[in-house]
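Peer 1: Below is coords26.cif; it holds mmCIF, C-alpha atoms.
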```
data_coords
loop_
_atom_site.label_atom_id
_atom_site.label_comp_id
_atom_site.auth_asym_id
_atom_site.auth_seq_id
_atom_site.Cartn_x
_atom_site.Cartn_y
_atom_site.Cartn_z
CA MET E 1 36.60 76.57 173.22
CA ALA E 2 36.30 73.34 175.25
CA LYS E 3 32.55 73.28 174.53
CA PHE E 4 33.25 73.54 170.81
CA TRP E 5 35.67 70.61 170.92
CA ASN E 6 33.24 68.60 173.03
CA PHE E 7 30.61 69.11 170.32
CA VAL E 8 33.03 68.23 167.49
CA ILE E 9 34.35 65.11 169.23
CA PHE E 10 30.81 64.04 170.11
CA GLN E 11 29.89 64.22 166.43
CA LEU E 12 33.04 62.36 165.36
CA GLY E 13 32.45 59.65 167.98
CA TRP E 14 28.82 59.27 166.93
CA PHE E 15 29.70 58.89 163.24
CA ALA E 16 32.58 56.51 163.99
CA CYS E 17 30.43 54.22 166.15
CA VAL E 18 27.46 54.24 163.76
CA LEU E 19 29.60 53.64 160.67
CA GLY E 20 31.52 50.94 162.55
CA ALA E 21 28.25 49.23 163.48
CA ALA E 22 26.96 49.51 159.91
CA ASN E 23 30.12 47.75 158.72
CA LYS E 24 30.26 45.33 161.69
CA ASP E 25 33.65 46.73 162.66
CA VAL E 26 33.18 48.81 165.81
CA LEU E 27 36.41 48.07 167.66
CA TRP E 28 38.43 51.08 166.51
CA ALA E 29 35.47 53.45 166.94
CA VAL E 30 34.68 52.19 170.44
CA VAL E 31 38.34 52.35 171.55
CA ALA E 32 38.81 55.90 170.21
CA THR E 33 35.54 57.09 171.73
CA LEU E 34 36.33 55.50 175.08
CA ALA E 35 39.74 57.19 175.00
CA TYR E 36 38.02 60.56 174.58
CA ILE E 37 35.55 59.75 177.37
CA ALA E 38 38.45 58.88 179.71
CA PHE E 39 40.24 62.10 178.74
CA HIS E 40 37.03 64.08 179.30
CA ALA E 41 36.55 62.61 182.78
CA TRP E 42 40.21 63.12 183.68
CA ARG E 43 40.10 66.79 182.58
CA SER E 44 36.84 67.43 184.42
CA PRO E 45 36.98 69.86 187.36
CA SER E 46 35.45 67.06 189.45
CA PRO E 47 36.39 63.70 187.89
CA LYS E 48 34.61 61.67 190.57
CA THR E 49 31.25 63.38 190.02
CA GLU E 50 31.72 63.29 186.24
CA ILE E 51 32.40 59.54 186.30
CA SER E 52 29.32 59.06 188.47
CA LEU E 53 27.20 60.86 185.85
CA LEU E 54 28.76 58.84 183.01
CA LEU E 55 28.08 55.55 184.80
CA LYS E 56 24.46 56.48 185.48
CA ALA E 57 24.00 57.44 181.81
CA PHE E 58 25.54 54.12 180.79
CA VAL E 59 23.11 52.12 182.95
CA PHE E 60 20.13 54.20 181.79
CA GLY E 61 21.06 53.80 178.12
CA LEU E 62 21.79 50.10 178.40
CA ALA E 63 18.43 49.49 180.08
CA ALA E 64 16.46 51.75 177.72
CA ASP E 65 17.88 50.40 174.45
CA THR E 66 17.73 46.80 175.65
CA LEU E 67 14.09 47.26 176.61
CA ILE E 68 13.20 48.89 173.27
CA MET E 69 14.99 46.05 171.49
CA HIS E 70 13.19 43.35 173.50
CA LEU E 71 9.83 45.04 173.02
CA GLY E 72 10.40 44.41 169.31
CA TYR E 73 10.86 47.92 167.96
CA LEU E 74 14.57 48.13 167.23
CA ASP E 75 17.06 45.71 165.70
CA PHE E 76 20.78 46.49 165.90
CA ARG E 77 23.03 45.29 163.10
CA ASP E 78 26.03 44.59 165.35
CA ASP E 79 24.84 42.87 168.53
CA TRP E 80 28.21 42.31 170.20
CA PRO E 81 28.74 41.42 173.07
CA SER E 82 25.34 39.71 173.45
CA PRO E 83 22.17 39.35 171.40
CA TYR E 84 20.26 39.83 174.68
CA LEU E 85 21.60 43.34 175.34
CA SER E 86 21.89 46.46 173.27
CA PRO E 87 25.32 46.53 171.58
CA LEU E 88 28.55 47.85 173.06
CA TRP E 89 28.76 50.73 170.59
CA MET E 90 25.38 52.03 171.81
CA TRP E 91 26.60 51.89 175.42
CA VAL E 92 29.54 54.05 174.39
CA LEU E 93 27.23 56.51 172.63
CA TRP E 94 25.09 56.93 175.74
CA VAL E 95 28.19 57.76 177.78
CA LEU E 96 29.40 60.06 175.01
CA VAL E 97 26.11 61.97 175.19
CA ALA E 98 26.63 62.33 178.94
CA THR E 99 29.97 64.08 178.27
CA THR E 100 27.98 66.91 176.67
CA ILE E 101 26.11 67.66 179.93
CA ASN E 102 29.14 69.55 181.27
CA GLY E 103 30.35 70.38 177.78
CA SER E 104 28.47 71.56 174.73
CA LEU E 105 25.00 71.23 176.29
CA THR E 106 25.65 73.32 179.42
CA TRP E 107 23.37 75.99 177.98
CA LEU E 108 20.47 73.62 178.81
CA ARG E 109 21.29 73.63 182.53
CA GLY E 110 18.25 74.80 184.48
CA ARG E 111 15.98 74.37 181.45
CA PRO E 112 14.45 70.89 181.88
CA VAL E 113 11.51 71.50 179.55
CA LEU E 114 13.80 72.66 176.76
CA GLY E 115 16.08 69.68 177.47
CA ALA E 116 13.11 67.32 177.22
CA VAL E 117 12.00 68.88 173.93
CA LEU E 118 15.52 68.73 172.50
CA GLY E 119 15.98 65.13 173.67
CA GLY E 120 12.54 64.13 172.40
CA ILE E 121 13.35 65.46 168.93
CA ALA E 122 17.10 64.91 168.55
CA GLY E 123 17.14 61.42 170.11
CA PRO E 124 14.84 59.70 167.63
CA MET E 125 16.31 61.68 164.73
CA SER E 126 19.74 60.38 165.73
CA TYR E 127 18.44 56.79 165.79
CA GLU E 128 16.79 57.30 162.41
CA ALA E 129 20.02 58.67 160.97
CA GLY E 130 21.92 55.66 162.34
CA ILE E 131 19.33 53.32 160.85
CA ARG E 132 19.59 55.02 157.46
CA MET E 133 23.36 54.62 157.64
CA GLY E 134 22.91 50.87 158.18
CA ALA E 135 23.62 50.46 161.91
CA GLY E 136 20.23 48.94 162.66
CA SER E 137 16.60 48.95 161.66
CA TRP E 138 13.14 49.47 162.99
CA VAL E 139 11.30 46.18 163.15
CA PRO E 140 8.87 46.26 160.18
CA GLY E 141 5.47 47.62 161.14
CA THR E 142 6.74 49.24 164.34
CA GLU E 143 8.59 52.24 162.93
CA ILE E 144 6.27 55.00 164.20
CA THR E 145 5.76 53.47 167.63
CA GLY E 146 9.49 52.79 167.97
CA PHE E 147 10.33 56.35 166.92
CA ILE E 148 7.89 57.74 169.51
CA LEU E 149 9.20 55.42 172.22
CA VAL E 150 12.79 56.49 171.55
CA GLY E 151 11.59 60.11 171.70
CA VAL E 152 10.03 59.54 175.12
CA VAL E 153 13.21 57.86 176.39
CA TRP E 154 15.34 60.79 175.25
CA ALA E 155 12.84 63.39 176.51
CA VAL E 156 13.37 61.82 179.95
CA ALA E 157 17.12 61.22 179.55
CA ILE E 158 18.40 64.75 178.96
CA PRO E 159 16.69 66.42 181.95
CA LEU E 160 17.49 63.36 184.07
CA PHE E 161 21.19 63.58 183.22
CA PHE E 162 21.20 67.26 184.24
CA TYR E 163 19.40 66.35 187.46
CA TRP E 164 21.94 63.63 188.24
CA ASP E 165 24.76 66.05 187.53
CA ARG E 166 23.21 68.68 189.83
CA VAL E 167 22.79 66.12 192.61
CA ASN E 168 26.42 65.07 192.16
CA GLN E 169 27.59 68.69 192.33
CA VAL E 170 25.55 69.43 195.48
CA GLN E 171 26.71 66.42 197.49
CA PRO E 172 30.39 67.47 197.95
CA SER E 173 29.42 70.91 199.23
CA GLN E 174 26.88 69.42 201.67
CA LYS E 175 29.55 67.09 203.04
CA SER E 176 31.93 70.00 203.65
CA VAL E 177 29.14 72.00 205.38
CA ASN E 178 28.27 69.02 207.58
CA SER E 179 31.88 68.51 208.60
CA VAL E 180 32.24 72.07 209.92
#
```
Could you write out this file's structure as structure tokens?
Peer 2:
Amino acid sequence: MAKFWNFVIFQLGWFACVLGAANKDVLWAVVATLAYIAFHAWRSPSPKTEISLLLKAFVFGLAADTLIMHLGYLDFRDDWPSPYLSPLWMWVLWVLVATTINGSLTWLRGRPVLGAVLGGIAGPMSYEAGIRMGAGSWVPGTEITGFILVGVVWAVAIPLFFYWDRVNQVQPSQKSVNSV
């Protein structure tokens, strides 16, 4: 049942952040989504390793979206907190996606190729949906290249997040073995 609620809340958070960005009013969406993320980490069987995964996903997403933006493929409607970085609401969405690694996407664990295919398809479709809802736009003339680039980023992201989570899960057991 927890996986079901993780999926539902992920969808609600995504729509709230995208609609907030489209209307240049993301505060309530970001606060509510961050509250869920905090609850998710707190309820995790291993909060420390979960937070580590969420922070890595945040850094990856911030770097990836900022790079795509600066390469001239993507323009976000709401650029708060800085026009030089991807927007806050996108940072929150990257972390929200990471909550699905130990939630609704656990069925992908151990299936990196399937994760890459899913990420490579669902990632750019999600960006396109957000763009059509008014949260941003492809820079004119770069739509196809931008779409492909986002697909590559997400094809890397999903298996990478599972890898990071696996590494996080292995480390505590290695420490306990080494201390014996």
Peer 1: Dump as CSV the rows for residues of stretch 111-167 of chain E within 7 Å of stretch 17-27 of chain E: closest atom pair and distance in Å with one decimal, only C-alpha atoms counted, ordered by chain and rising residue number.
Peer 2:
```
residue,atom,partner,partner_atom,distance
E:Gly130,CA,E:Val18,CA,5.9
E:Met133,CA,E:Ala22,CA,6.7
E:Gly134,CA,E:Ala22,CA,4.6
E:Ala135,CA,E:Ala22,CA,4.0
```
Peer 1: For atom CA of E:Glu128 and atom CA of E:Ile158, determine how far apart the two atoms are, in Å to one decimal place.
Peer 2: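 One can read the atom CA of E:Glu128 to atom CA of E:Ile158 distance as 18.2 Å.
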Peer 1: Could you please determine the separation between atom CA of E:Pro140 and atom CA of E:Tyr73 in Å, to one decimal place?
Peer 2: 8.2 Å
Peer 1: Quick one: which residues end up in the PyMOL selection byres ((chain E and resi 110) around 12) for this structure, as a list of chain:residue names?
Peer 2: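 Applied to this file, the PyMOL selection byres ((chain E and resi 110) around 12) selects E:Ile101, E:Leu105, E:Thr106, E:Trp107, E:Leu108, E:Arg109, E:Arg111, E:Pro112, E:Val113, E:Leu114, E:Gly115, E:Ala116, E:Ile158, E:Pro159, E:Leu160, E:Phe161, E:Phe162, E:Tyr163, E:Asp165, E:Arg166.
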Peer 1: Which polymer residues have any atom within 10 Å of an atom of E:Trp154, counting all atoms listed in the file, with same-chain residues fewer than 6 positions away left out, as a ChimeraX atom specification?
Peer 2: /E:61,64,115-124,148,160
Peer 1: In Å, rounded to a single decimal, give me how far atom CA of E:Ala98 is from atom CA of E:Ile51.
Peer 2: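 Atom CA of E:Ala98 lies at a distance of 9.8 Å from atom CA of E:Ile51.
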